[in-house]
$ cat work.cif   # mmCIF, C-alpha atoms
data_coords
loop_
_atom_site.group_PDB
_atom_site.id
_atom_site.type_symbol
_atom_site.label_atom_id
_atom_site.label_comp_id
_atom_site.auth_asym_id
_atom_site.auth_seq_id
_atom_site.Cartn_x
_atom_site.Cartn_y
_atom_site.Cartn_z
ATOM 1 C CA LEU A 20 -4.519 20.631 12.245
ATOM 2 C CA GLU A 21 -7.462 18.676 13.631
ATOM 3 C CA ASP A 22 -5.316 17.246 16.461
ATOM 4 C CA ALA A 23 -3.960 20.689 17.313
ATOM 5 C CA THR A 24 -7.477 22.146 17.500
ATOM 6 C CA LEU A 25 -8.632 19.360 19.796
ATOM 7 C CA HIS A 26 -5.634 19.850 22.086
ATOM 8 C CA LEU A 27 -6.183 23.611 22.361
ATOM 9 C CA THR A 28 -9.856 23.073 23.151
ATOM 10 C CA ARG A 29 -9.090 20.522 25.851
ATOM 11 C CA LEU A 30 -6.361 22.586 27.479
ATOM 12 C CA SER A 31 -8.663 25.590 27.639
ATOM 13 C CA GLU A 32 -11.279 23.502 29.437
ATOM 14 C CA GLY A 33 -9.024 22.511 32.317
ATOM 15 C CA ASP A 34 -5.904 20.719 33.370
ATOM 16 C CA ALA A 35 -5.430 16.969 33.188
ATOM 17 C CA GLN A 36 -6.355 15.006 36.312
ATOM 18 C CA ASP A 37 -4.683 12.079 37.990
ATOM 19 C CA VAL A 38 -6.726 8.917 38.246
ATOM 20 C CA GLY A 39 -8.710 8.534 41.431
ATOM 21 C CA PRO A 40 -12.221 8.085 42.770
ATOM 22 C CA ARG A 41 -14.958 10.102 41.154
ATOM 23 C CA ASN A 42 -15.819 13.402 42.825
ATOM 24 C CA ASP A 43 -19.295 13.666 44.322
ATOM 25 C CA ASP A 44 -20.153 16.559 42.018
ATOM 26 C CA ASP A 45 -18.934 14.721 38.892
ATOM 27 C CA ASP A 46 -21.970 13.317 37.101
ATOM 28 C CA ARG A 47 -20.091 12.129 34.015
ATOM 29 C CA ALA A 48 -20.241 8.443 33.104
ATOM 30 C CA THR A 49 -16.940 6.627 33.615
ATOM 31 C CA LEU A 50 -15.528 5.126 30.430
ATOM 32 C CA VAL A 51 -12.674 2.680 31.039
ATOM 33 C CA VAL A 52 -10.513 1.901 28.007
ATOM 34 C CA LEU A 53 -8.153 -1.069 28.185
ATOM 35 C CA GLY A 54 -5.156 -0.790 25.861
ATOM 36 C CA SER A 55 -3.154 1.940 24.136
ATOM 37 C CA GLY A 56 -3.065 0.625 20.578
ATOM 38 C CA TRP A 57 -4.865 1.688 17.422
ATOM 39 C CA ALA A 58 -8.475 1.391 18.620
ATOM 40 C CA SER A 59 -7.802 2.974 22.005
ATOM 41 C CA HIS A 60 -5.717 5.780 20.509
ATOM 42 C CA ALA A 61 -8.390 6.614 17.935
ATOM 43 C CA LEU A 62 -11.069 6.704 20.643
ATOM 44 C CA ILE A 63 -9.288 8.858 23.198
ATOM 45 C CA LYS A 64 -8.306 11.339 20.494
ATOM 46 C CA VAL A 65 -11.958 12.233 19.841
ATOM 47 C CA VAL A 66 -13.866 11.321 23.002
ATOM 48 C CA ASP A 67 -15.745 14.169 24.665
ATOM 49 C CA ALA A 68 -14.233 14.534 28.151
ATOM 50 C CA ASN A 69 -17.146 16.783 29.149
ATOM 51 C CA LYS A 70 -19.507 13.831 28.831
ATOM 52 C CA TYR A 71 -17.215 10.999 29.927
ATOM 53 C CA ARG A 72 -14.661 10.546 32.679
ATOM 54 C CA VAL A 73 -12.160 8.554 30.643
ATOM 55 C CA VAL A 74 -9.707 6.188 32.324
ATOM 56 C CA VAL A 75 -7.145 4.470 30.086
ATOM 57 C CA VAL A 76 -5.428 1.355 31.437
ATOM 58 C CA SER A 77 -2.366 -0.066 29.705
ATOM 59 C CA PRO A 78 1.071 -1.420 30.667
ATOM 60 C CA ARG A 79 2.418 0.756 27.840
ATOM 61 C CA ASN A 80 2.086 4.518 28.331
ATOM 62 C CA HIS A 81 2.277 5.305 24.628
ATOM 63 C CA PHE A 82 0.760 4.510 21.254
ATOM 64 C CA VAL A 83 3.009 2.903 18.627
ATOM 65 C CA PHE A 84 2.633 3.544 14.903
ATOM 66 C CA THR A 85 3.236 -0.120 14.103
ATOM 67 C CA PRO A 86 3.901 0.191 10.323
ATOM 68 C CA MET A 87 7.228 1.786 11.279
ATOM 69 C CA LEU A 88 8.354 -1.098 13.489
ATOM 70 C CA ALA A 89 10.134 -2.812 10.604
ATOM 71 C CA SER A 90 12.141 0.353 9.951
ATOM 72 C CA ALA A 91 12.912 0.743 13.652
ATOM 73 C CA ALA A 92 14.184 -2.846 13.743
ATOM 74 C CA VAL A 93 17.039 -1.891 11.409
ATOM 75 C CA GLY A 94 17.621 1.647 12.668
ATOM 76 C CA THR A 95 16.069 3.551 9.776
ATOM 77 C CA VAL A 96 13.517 5.128 12.131
ATOM 78 C CA GLU A 97 14.087 5.999 15.779
ATOM 79 C CA TYR A 98 11.514 4.943 18.347
ATOM 80 C CA ARG A 99 10.548 8.469 19.409
ATOM 81 C CA SER A 100 9.431 9.172 15.825
ATOM 82 C CA MET A 101 6.758 6.475 15.934
ATOM 83 C CA THR A 102 5.192 6.885 19.363
ATOM 84 C CA GLU A 103 2.792 9.255 21.094
ATOM 85 C CA SER A 104 2.142 9.277 24.822
ATOM 86 C CA VAL A 105 -1.352 8.457 26.041
ATOM 87 C CA ARG A 106 -1.426 11.621 28.124
ATOM 88 C CA GLY A 107 -0.246 13.645 25.147
ATOM 89 C CA ALA A 108 -2.948 12.199 22.892
ATOM 90 C CA ASN A 109 -5.590 13.658 25.213
ATOM 91 C CA PRO A 110 -4.483 15.546 28.344
ATOM 92 C CA LEU A 111 -7.969 15.230 29.867
ATOM 93 C CA VAL A 112 -8.003 11.432 30.113
ATOM 94 C CA GLN A 113 -6.798 9.712 33.249
ATOM 95 C CA PHE A 114 -4.139 7.077 32.773
ATOM 96 C CA VAL A 115 -3.194 3.999 34.804
ATOM 97 C CA GLU A 116 0.037 2.292 33.803
ATOM 98 C CA GLY A 117 -0.829 -1.312 34.505
ATOM 99 C CA ALA A 118 -2.272 -4.523 33.112
ATOM 100 C CA ALA A 119 -5.917 -5.492 33.438
ATOM 101 C CA THR A 120 -6.150 -8.892 35.120
ATOM 102 C CA GLY A 121 -9.885 -9.443 35.345
ATOM 103 C CA VAL A 122 -13.363 -8.025 34.721
ATOM 104 C CA ASN A 123 -16.496 -8.327 36.828
ATOM 105 C CA LEU A 124 -19.388 -7.708 34.451
ATOM 106 C CA ASP A 125 -22.091 -7.884 37.127
ATOM 107 C CA GLN A 126 -20.540 -5.318 39.455
ATOM 108 C CA ARG A 127 -18.901 -3.368 36.606
ATOM 109 C CA TYR A 128 -15.301 -3.094 37.637
ATOM 110 C CA VAL A 129 -11.863 -4.017 36.298
ATOM 111 C CA MET A 130 -8.974 -5.360 38.360
ATOM 112 C CA VAL A 131 -5.622 -3.844 37.408
ATOM 113 C CA GLN A 132 -2.069 -4.739 38.384
ATOM 114 C CA PRO A 133 -0.022 -1.512 38.201
ATOM 115 C CA VAL A 134 3.404 -1.700 36.600
ATOM 116 C CA PRO A 135 6.187 -1.716 39.240
ATOM 117 C CA LEU A 136 8.132 1.525 39.121
ATOM 118 C CA GLY A 137 10.930 0.415 41.406
ATOM 119 C CA GLY A 138 10.715 -1.314 44.753
ATOM 120 C CA ASP A 139 7.987 -3.772 45.645
ATOM 121 C CA ALA A 140 5.108 -4.581 43.330
ATOM 122 C CA PRO A 141 2.148 -2.236 43.989
ATOM 123 C CA ALA A 142 -1.162 -3.593 45.236
ATOM 124 C CA PRO A 143 -3.851 -4.444 42.671
ATOM 125 C CA GLN A 144 -6.268 -1.646 41.863
ATOM 126 C CA ARG A 145 -10.025 -1.835 41.328
ATOM 127 C CA ILE A 146 -11.536 0.578 38.807
ATOM 128 C CA SER A 147 -15.300 0.844 38.421
ATOM 129 C CA TYR A 148 -16.883 1.723 35.099
ATOM 130 C CA ASP A 149 -20.165 2.610 33.441
ATOM 131 C CA ALA A 150 -18.888 1.601 30.014
ATOM 132 C CA LEU A 151 -15.897 -0.573 29.130
ATOM 133 C CA VAL A 152 -13.854 -0.729 25.932
ATOM 134 C CA VAL A 153 -11.527 -3.715 25.594
ATOM 135 C CA ALA A 154 -8.802 -2.875 23.055
ATOM 136 C CA VAL A 155 -5.844 -4.833 24.405
ATOM 137 C CA GLY A 156 -4.482 -5.826 21.011
ATOM 138 C CA SER A 157 -3.079 -9.151 19.899
ATOM 139 C CA ARG A 158 0.068 -11.247 19.974
ATOM 140 C CA ALA A 159 1.955 -13.241 17.382
ATOM 141 C CA ALA A 160 0.204 -16.474 16.377
ATOM 142 C CA ASP A 161 3.151 -18.688 17.230
ATOM 143 C CA ALA A 162 1.614 -21.174 19.654
ATOM 144 C CA ASN A 163 0.918 -24.025 17.211
ATOM 145 C CA VAL A 164 4.397 -24.399 15.709
ATOM 146 C CA PRO A 165 6.982 -26.101 17.943
ATOM 147 C CA GLY A 166 9.888 -23.807 18.700
ATOM 148 C CA ALA A 167 8.339 -20.662 17.194
ATOM 149 C CA ARG A 168 7.580 -18.878 20.450
ATOM 150 C CA GLU A 169 10.857 -19.884 22.086
ATOM 151 C CA ARG A 170 13.206 -19.187 19.165
ATOM 152 C CA CYS A 171 11.610 -16.514 16.971
ATOM 153 C CA PHE A 172 11.421 -12.749 17.295
ATOM 154 C CA ALA A 173 8.035 -11.023 17.254
ATOM 155 C CA LEU A 174 7.423 -7.501 15.954
ATOM 156 C CA LYS A 175 4.514 -6.023 17.875
ATOM 157 C CA ASP A 176 6.037 -3.101 19.811
ATOM 158 C CA CYS A 177 9.158 -0.983 20.247
ATOM 159 C CA GLU A 178 10.795 -3.463 22.592
ATOM 160 C CA ASP A 179 10.428 -6.203 19.963
ATOM 161 C CA ALA A 180 12.051 -3.925 17.379
ATOM 162 C CA ARG A 181 14.916 -3.136 19.755
ATOM 163 C CA ARG A 182 15.572 -6.815 20.474
ATOM 164 C CA LEU A 183 15.537 -7.684 16.785
ATOM 165 C CA ARG A 184 17.850 -4.794 15.960
ATOM 166 C CA GLU A 185 20.373 -5.914 18.573
ATOM 167 C CA ALA A 186 20.135 -9.541 17.472
ATOM 168 C CA VAL A 187 20.849 -8.748 13.826
ATOM 169 C CA GLY A 188 23.912 -6.724 14.778
ATOM 170 C CA GLU A 189 25.083 -9.481 17.078
ATOM 171 C CA ARG A 190 24.849 -12.052 14.267
ATOM 172 C CA PHE A 191 27.106 -9.915 12.083
ATOM 173 C CA GLU A 192 29.659 -9.574 14.877
ATOM 174 C CA ARG A 193 29.688 -13.330 15.426
ATOM 175 C CA ALA A 194 30.205 -13.960 11.733
ATOM 176 C CA ALA A 195 32.971 -11.340 11.608
ATOM 177 C CA ARG A 196 34.856 -13.168 14.345
ATOM 178 C CA ALA A 197 34.615 -16.383 12.345
ATOM 179 C CA GLY A 198 35.883 -14.586 9.217
ATOM 180 C CA ASP A 199 36.251 -16.924 6.246
ATOM 181 C CA ALA A 200 34.905 -19.756 8.370
ATOM 182 C CA ALA A 201 31.519 -18.048 8.668
ATOM 183 C CA THR A 202 28.793 -20.180 7.135
ATOM 184 C CA ALA A 203 25.869 -19.030 4.987
ATOM 185 C CA ARG A 204 23.516 -19.944 7.826
ATOM 186 C CA GLU A 205 25.197 -17.440 10.156
ATOM 187 C CA LEU A 206 24.237 -14.604 7.833
ATOM 188 C CA THR A 207 20.778 -15.778 6.746
ATOM 189 C CA PHE A 208 17.797 -13.976 8.270
ATOM 190 C CA ALA A 209 14.390 -15.615 7.943
ATOM 191 C CA VAL A 210 10.968 -13.979 8.060
ATOM 192 C CA VAL A 211 7.826 -16.107 8.389
ATOM 193 C CA GLY A 212 4.614 -14.570 7.085
ATOM 194 C CA GLY A 213 3.833 -12.762 3.851
ATOM 195 C CA GLY A 214 1.393 -10.190 5.180
ATOM 196 C CA ALA A 215 2.143 -6.478 5.512
ATOM 197 C CA THR A 216 4.462 -6.846 8.501
ATOM 198 C CA GLY A 217 6.448 -9.725 7.027
ATOM 199 C CA VAL A 218 6.873 -8.053 3.637
ATOM 200 C CA GLU A 219 7.915 -4.732 5.190
ATOM 201 C CA LEU A 220 10.405 -6.437 7.487
ATOM 202 C CA ALA A 221 11.882 -8.585 4.712
ATOM 203 C CA GLY A 222 12.441 -5.496 2.577
ATOM 204 C CA GLU A 223 13.988 -3.495 5.404
ATOM 205 C CA LEU A 224 16.214 -6.389 6.474
ATOM 206 C CA SER A 225 17.388 -6.927 2.916
ATOM 207 C CA ASP A 226 18.380 -3.281 2.507
ATOM 208 C CA PHE A 227 20.086 -3.351 5.888
ATOM 209 C CA VAL A 228 22.127 -6.527 5.417
ATOM 210 C CA ASN A 229 23.220 -5.416 1.945
ATOM 211 C CA ASP A 230 24.425 -2.076 3.299
ATOM 212 C CA VAL A 231 25.960 -3.203 6.570
ATOM 213 C CA GLY A 232 27.664 -6.136 4.906
ATOM 214 C CA ARG A 233 30.068 -3.685 3.278
ATOM 215 C CA LEU A 234 31.325 -2.747 6.750
ATOM 216 C CA TYR A 235 32.570 -6.309 7.226
ATOM 217 C CA PRO A 236 35.190 -6.859 4.491
ATOM 218 C CA SER A 237 36.168 -10.234 5.952
ATOM 219 C CA LEU A 238 32.740 -11.638 5.062
ATOM 220 C CA PRO A 239 31.773 -12.772 1.559
ATOM 221 C CA GLN A 240 29.649 -9.968 0.103
ATOM 222 C CA GLU A 241 27.147 -12.459 -1.274
ATOM 223 C CA ALA A 242 26.715 -14.205 2.094
ATOM 224 C CA PRO A 243 24.123 -12.000 3.865
ATOM 225 C CA ARG A 244 20.639 -12.819 2.654
ATOM 226 C CA VAL A 245 16.990 -12.725 3.688
ATOM 227 C CA VAL A 246 14.491 -15.564 3.207
ATOM 228 C CA LEU A 247 10.725 -14.976 3.396
ATOM 229 C CA VAL A 248 8.487 -18.027 3.950
ATOM 230 C CA HIS A 249 4.764 -17.667 3.284
ATOM 231 C CA SER A 250 2.074 -20.348 3.317
ATOM 232 C CA GLY A 251 -0.069 -18.679 0.649
ATOM 233 C CA ASP A 252 0.409 -18.612 -3.104
ATOM 234 C CA GLU A 253 0.734 -14.810 -3.133
ATOM 235 C CA LEU A 254 2.116 -12.174 -0.789
ATOM 236 C CA LEU A 255 -0.148 -9.561 0.808
ATOM 237 C CA PRO A 256 -3.430 -11.465 0.347
ATOM 238 C CA GLN A 257 -5.426 -8.515 1.736
ATOM 239 C CA PHE A 258 -4.185 -6.188 -1.034
ATOM 240 C CA ASP A 259 -5.137 -5.826 -4.684
ATOM 241 C CA PRO A 260 -3.637 -8.387 -7.115
ATOM 242 C CA ASP A 261 -1.388 -5.807 -8.819
ATOM 243 C CA LEU A 262 0.137 -4.846 -5.475
ATOM 244 C CA ARG A 263 0.725 -8.495 -4.574
ATOM 245 C CA ILE A 264 2.658 -9.039 -7.792
ATOM 246 C CA GLU A 265 4.685 -5.855 -7.361
ATOM 247 C CA ALA A 266 5.529 -6.739 -3.749
ATOM 248 C CA LEU A 267 6.994 -10.061 -4.877
ATOM 249 C CA ARG A 268 8.974 -8.423 -7.672
ATOM 250 C CA ALA A 269 10.285 -5.697 -5.350
ATOM 251 C CA LEU A 270 11.540 -8.219 -2.808
ATOM 252 C CA GLU A 271 13.168 -10.361 -5.456
ATOM 253 C CA ARG A 272 14.903 -7.306 -6.915
ATOM 254 C CA ARG A 273 16.346 -6.692 -3.459
ATOM 255 C CA GLY A 274 17.680 -10.231 -3.378
ATOM 256 C CA VAL A 275 15.111 -11.701 -0.980
ATOM 257 C CA LEU A 276 14.501 -15.431 -1.484
ATOM 258 C CA VAL A 277 10.714 -15.876 -1.309
ATOM 259 C CA ARG A 278 9.299 -19.328 -0.556
ATOM 260 C CA LEU A 279 5.579 -19.338 -1.371
ATOM 261 C CA GLY A 280 3.112 -22.108 -0.566
ATOM 262 C CA ARG A 281 5.243 -23.485 2.257
ATOM 263 C CA ARG A 282 4.311 -23.848 5.936
ATOM 264 C CA VAL A 283 6.778 -23.955 8.788
ATOM 265 C CA GLN A 284 6.383 -27.218 10.676
ATOM 266 C CA ARG A 285 9.040 -26.655 13.319
ATOM 267 C CA VAL A 286 11.620 -24.073 14.367
ATOM 268 C CA ASP A 287 14.904 -25.659 15.400
ATOM 269 C CA GLU A 288 17.957 -23.998 16.872
ATOM 270 C CA GLU A 289 19.597 -23.433 13.485
ATOM 271 C CA ALA A 290 16.895 -23.943 10.858
ATOM 272 C CA LEU A 291 13.233 -23.856 9.913
ATOM 273 C CA ARG A 292 11.694 -27.203 8.920
ATOM 274 C CA LEU A 293 9.100 -26.752 6.168
ATOM 275 C CA ASP A 294 6.126 -28.938 5.285
ATOM 276 C CA ASP A 295 7.859 -30.312 2.176
ATOM 277 C CA GLY A 296 10.645 -31.722 4.347
ATOM 278 C CA SER A 297 13.208 -29.092 3.395
ATOM 279 C CA ASP A 298 15.144 -26.939 5.850
ATOM 280 C CA VAL A 299 15.909 -23.222 5.814
ATOM 281 C CA PRO A 300 19.139 -22.744 7.784
ATOM 282 C CA CYS A 301 19.176 -19.314 9.434
ATOM 283 C CA ALA A 302 20.857 -17.270 12.126
ATOM 284 C CA LEU A 303 17.566 -15.855 13.382
ATOM 285 C CA CYS A 304 13.883 -15.845 12.485
ATOM 286 C CA ALA A 305 11.194 -13.171 12.821
ATOM 287 C CA TRP A 306 7.664 -14.566 13.185
ATOM 288 C CA CYS A 307 5.093 -12.396 11.391
ATOM 289 C CA ALA A 308 2.574 -15.096 10.485
ATOM 290 C CA GLY A 309 -0.754 -13.923 11.802
ATOM 291 C CA THR A 310 -2.084 -12.764 15.155
ATOM 292 C CA ALA A 311 -3.846 -14.369 18.104
ATOM 293 C CA PRO A 312 -5.716 -13.062 21.166
ATOM 294 C CA VAL A 313 -3.690 -12.098 24.216
ATOM 295 C CA PRO A 314 -4.352 -14.157 27.377
ATOM 296 C CA PHE A 315 -6.548 -11.416 28.878
ATOM 297 C CA THR A 316 -8.924 -11.538 25.912
ATOM 298 C CA GLU A 317 -9.136 -15.314 26.134
ATOM 299 C CA SER A 318 -10.023 -15.036 29.840
ATOM 300 C CA LEU A 319 -12.964 -12.669 29.329
ATOM 301 C CA PRO A 320 -16.239 -14.045 30.750
ATOM 302 C CA VAL A 321 -18.009 -13.505 27.419
ATOM 303 C CA PRO A 322 -17.721 -15.396 24.135
ATOM 304 C CA VAL A 323 -15.278 -13.833 21.651
ATOM 305 C CA GLY A 324 -16.091 -14.591 18.003
ATOM 306 C CA ASP A 325 -13.725 -15.058 15.113
ATOM 307 C CA ASP A 326 -14.518 -11.527 13.908
#

$ encode --input "work.cif" --output "structure tokens"
Amino acid sequence: LEDATLHLTRLSEGDAQDVGPRNDDDDRATLVVLGSGWASHALIKVVDANKYRVVVVSPRNHFVFTPMLASAAVGTVEYRSMTESVRGANPLVQFVEGAATGVNLDQRYVMVQPVPLGGDAPAPQRISYDALVVAVGSRAADANVPGARERCFALKDCEDARRLREAVGERFERAARAGDAATARELTFAVVGGGATGVELAGELSDFVNDVGRLYPSLPQEAPRVVLVHSGDELLPQFDPDLRIEALRALERRGVLVRLGRRVQRVDEEALRLDDGSDVPCALCAWCAGTAPVPFTESLPVPVGDD
């Protein structure tokens, strides 16, 4: 109801405008927002476009409700059910589909590389601002483990979910071709990280492989399985203790093998090597162990704290 009221108010005030230079008679301050994730989406939903000329810059023209990514990765939820366009979130903001490549704090402008929409790459664009919000999100923290970035699937946006969904189906088809010769590794799906994303994905994958396995009668019904590896002693460390315990019990009831207190030292082509020297053979691995700044954030000419 609140969103609907805001939309009706905005539409009655005027039509949306395409991004461009400020009109001479426009005395509003220019607010440039980088990103289209949670922080950006929350801001542009409520910002007063009468006071601010809002310009949103993002290579992704929509907001993603990320808790549903795990469901989308197995087909339980379709992508259109978990996204909202930037323009739809607030028709009065101006949107540039592109990636910010640099910021000049002294002269107050952002350099943007627009997303190619066919043909040659467009020229970089310079957007001046009075106020700047940097909300470009994060990436998977996979840089410090050899093989993780090259061999694991992330789960940060719809494209990640689509790739993972296709990969899981492909692994089943490969195993079906092998028939009785299919190994346990070829139908083992590993998830690294016992936070909210990792637990959700492990549960969804377990339900999926148990259901879809029945469509492949040539495969041993006990063969498909999901393994969750977490470095902590409990799952969901940010939740209350009762919820942590119930999360572990729920996964185990679904048949998920949970390895607590174990760190992944290396990701090989066919297995995870853990810090106790053991291996977890698997057909694919989803990396959900923490987040790290994106390269743009690391390049900002200001110190970025741990908070």

$ atom_distance --input "work.cif" --atom1 "CA of Phe208 (chain A)" --atom2 "CA of Ala302 (chain A)"
5.9 Å

$ atom_distance --input "work.cif" --atom1 "CA of Ala201 (chain A)" --atom2 "CA of Leu238 (chain A)"
7.5 Å

$ residues_around --input "work.cif" --residues "region 271-283 of chain A" --least-positions-apart "4" --cutoff "9 Å" --atoms "only C-alpha atoms" --output "ChimeraX atom specification"
/A:164,211,213,221-222,225-226,229,244-254,266-267,291-295

$ resolve_selection --input "work.cif" --expression "the PyMOL selection byres ((chain A and resi 86) around 9)" --output "list in words"
Val83, Phe84, Thr85, Met87, Leu88, Ala89, Ser90, Met101, Ala215, Thr216 and Glu219 of chain A

$ write_last_selection --input "work.cif" --atoms "C-alpha atoms" --output "mmCIF file, in the frame of the given file"
data_model
loop_
_atom_site.group_PDB
_atom_site.id
_atom_site.type_symbol
_atom_site.label_atom_id
_atom_site.label_comp_id
_atom_site.auth_asym_id
_atom_site.auth_seq_id
_atom_site.Cartn_x
_atom_site.Cartn_y
_atom_site.Cartn_z
ATOM 1 C CA VAL A 83 3.009 2.903 18.627
ATOM 2 C CA PHE A 84 2.633 3.544 14.903
ATOM 3 C CA THR A 85 3.236 -0.120 14.103
ATOM 4 C CA MET A 87 7.228 1.786 11.279
ATOM 5 C CA LEU A 88 8.354 -1.098 13.489
ATOM 6 C CA ALA A 89 10.134 -2.812 10.604
ATOM 7 C CA SER A 90 12.141 0.353 9.951
ATOM 8 C CA MET A 101 6.758 6.475 15.934
ATOM 9 C CA ALA A 215 2.143 -6.478 5.512
ATOM 10 C CA THR A 216 4.462 -6.846 8.501
ATOM 11 C CA GLU A 219 7.915 -4.732 5.190
#

$ resolve_selection --input "work.cif" --expression "the PyMOL selection byres ((chain A and resi 165) around 9)" --output "ChimeraX atom specification"
/A:161-164,166-169,284-287

$ write_last_selection --input "work.cif" --atoms "C-alpha atoms" --output "JSON list (two decimals), in the coordinates of the input"
[["chain", "number", "residue", "atom", "x", "y", "z"],
["A", 161, "ASP", "CA", 3.15, -18.69, 17.23],
["A", 162, "ALA", "CA", 1.61, -21.17, 19.65],
["A", 163, "ASN", "CA", 0.92, -24.02, 17.21],
["A", 164, "VAL", "CA", 4.40, -24.40, 15.71],
["A", 166, "GLY", "CA", 9.89, -23.81, 18.70],
["A", 167, "ALA", "CA", 8.34, -20.66, 17.19],
["A", 168, "ARG", "CA", 7.58, -18.88, 20.45],
["A", 169, "GLU", "CA", 10.86, -19.88, 22.09],
["A", 284, "GLN", "CA", 6.38, -27.22, 10.68],
["A", 285, "ARG", "CA", 9.04, -26.66, 13.32],
["A", 286, "VAL", "CA", 11.62, -24.07, 14.37],
["A", 287, "ASP", "CA", 14.90, -25.66, 15.40]]

$ residues_around --input "work.cif" --residues "region 45-55 of chain A" --least-positions-apart "2" --cutoff "8 Å" --atoms "only C-alpha atoms" --output "PyMOL selection string"
chain A and resi 41-43+57-60+69-82+105+119+147-156

$ resolve_selection --input "work.cif" --expression "the PyMOL selection byres ((chain A and resi 179) around 12)" --output "list in words"
Val83, Thr85, Leu88, Ala89, Ala91, Ala92, Val93, Tyr98, Arg158, Ala159, Cys171, Phe172, Ala173, Leu174, Lys175, Asp176, Cys177, Glu178, Ala180, Arg181, Arg182, Leu183, Arg184, Glu185, Ala186, Ala305, Trp306 and Cys307 of chain A

$ write_last_selection --input "work.cif" --atoms "C-alpha atoms" --output "PDB file, keeping the file's coordinate frame"
ATOM      1  CA  VAL A  83       3.009   2.903  18.627  1.00  0.00           C
ATOM      2  CA  THR A  85       3.236  -0.120  14.103  1.00  0.00           C
ATOM      3  CA  LEU A  88       8.354  -1.098  13.489  1.00  0.00           C
ATOM      4  CA  ALA A  89      10.134  -2.812  10.604  1.00  0.00           C
ATOM      5  CA  ALA A  91      12.912   0.743  13.652  1.00  0.00           C
ATOM      6  CA  ALA A  92      14.184  -2.846  13.743  1.00  0.00           C
ATOM      7  CA  VAL A  93      17.039  -1.891  11.409  1.00  0.00           C
ATOM      8  CA  TYR A  98      11.514   4.943  18.347  1.00  0.00           C
ATOM      9  CA  ARG A 158       0.068 -11.247  19.974  1.00  0.00           C
ATOM     10  CA  ALA A 159       1.955 -13.241  17.382  1.00  0.00           C
ATOM     11  CA  CYS A 171      11.610 -16.514  16.971  1.00  0.00           C
ATOM     12  CA  PHE A 172      11.421 -12.749  17.295  1.00  0.00           C
ATOM     13  CA  ALA A 173       8.035 -11.023  17.254  1.00  0.00           C
ATOM     14  CA  LEU A 174       7.423  -7.501  15.954  1.00  0.00           C
ATOM     15  CA  LYS A 175       4.514  -6.023  17.875  1.00  0.00           C
ATOM     16  CA  ASP A 176       6.037  -3.101  19.811  1.00  0.00           C
ATOM     17  CA  CYS A 177       9.158  -0.983  20.247  1.00  0.00           C
ATOM     18  CA  GLU A 178      10.795  -3.463  22.592  1.00  0.00           C
ATOM     19  CA  ALA A 180      12.051  -3.925  17.379  1.00  0.00           C
ATOM     20  CA  ARG A 181      14.916  -3.136  19.755  1.00  0.00           C
ATOM     21  CA  ARG A 182      15.572  -6.815  20.474  1.00  0.00           C
ATOM     22  CA  LEU A 183      15.537  -7.684  16.785  1.00  0.00           C
ATOM     23  CA  ARG A 184      17.850  -4.794  15.960  1.00  0.00           C
ATOM     24  CA  GLU A 185      20.373  -5.914  18.573  1.00  0.00           C
ATOM     25  CA  ALA A 186      20.135  -9.541  17.472  1.00  0.00           C
ATOM     26  CA  ALA A 305      11.194 -13.171  12.821  1.00  0.00           C
ATOM     27  CA  TRP A 306       7.664 -14.566  13.185  1.00  0.00           C
ATOM     28  CA  CYS A 307       5.093 -12.396  11.391  1.00  0.00           C
TER      29      CYS A 307
END

$ atom_distance --input "work.cif" --atom1 "CA of Glu288 (chain A)" --atom2 "CA of Gly214 (chain A)"
24.5 Å

$ closest_residue --input "work.cif" --among "A:Val187, A:Ala203, A:Val115, A:Val134" --to "Val299 (chain A)" --atoms "all atoms listed in the file"
A:Ala203
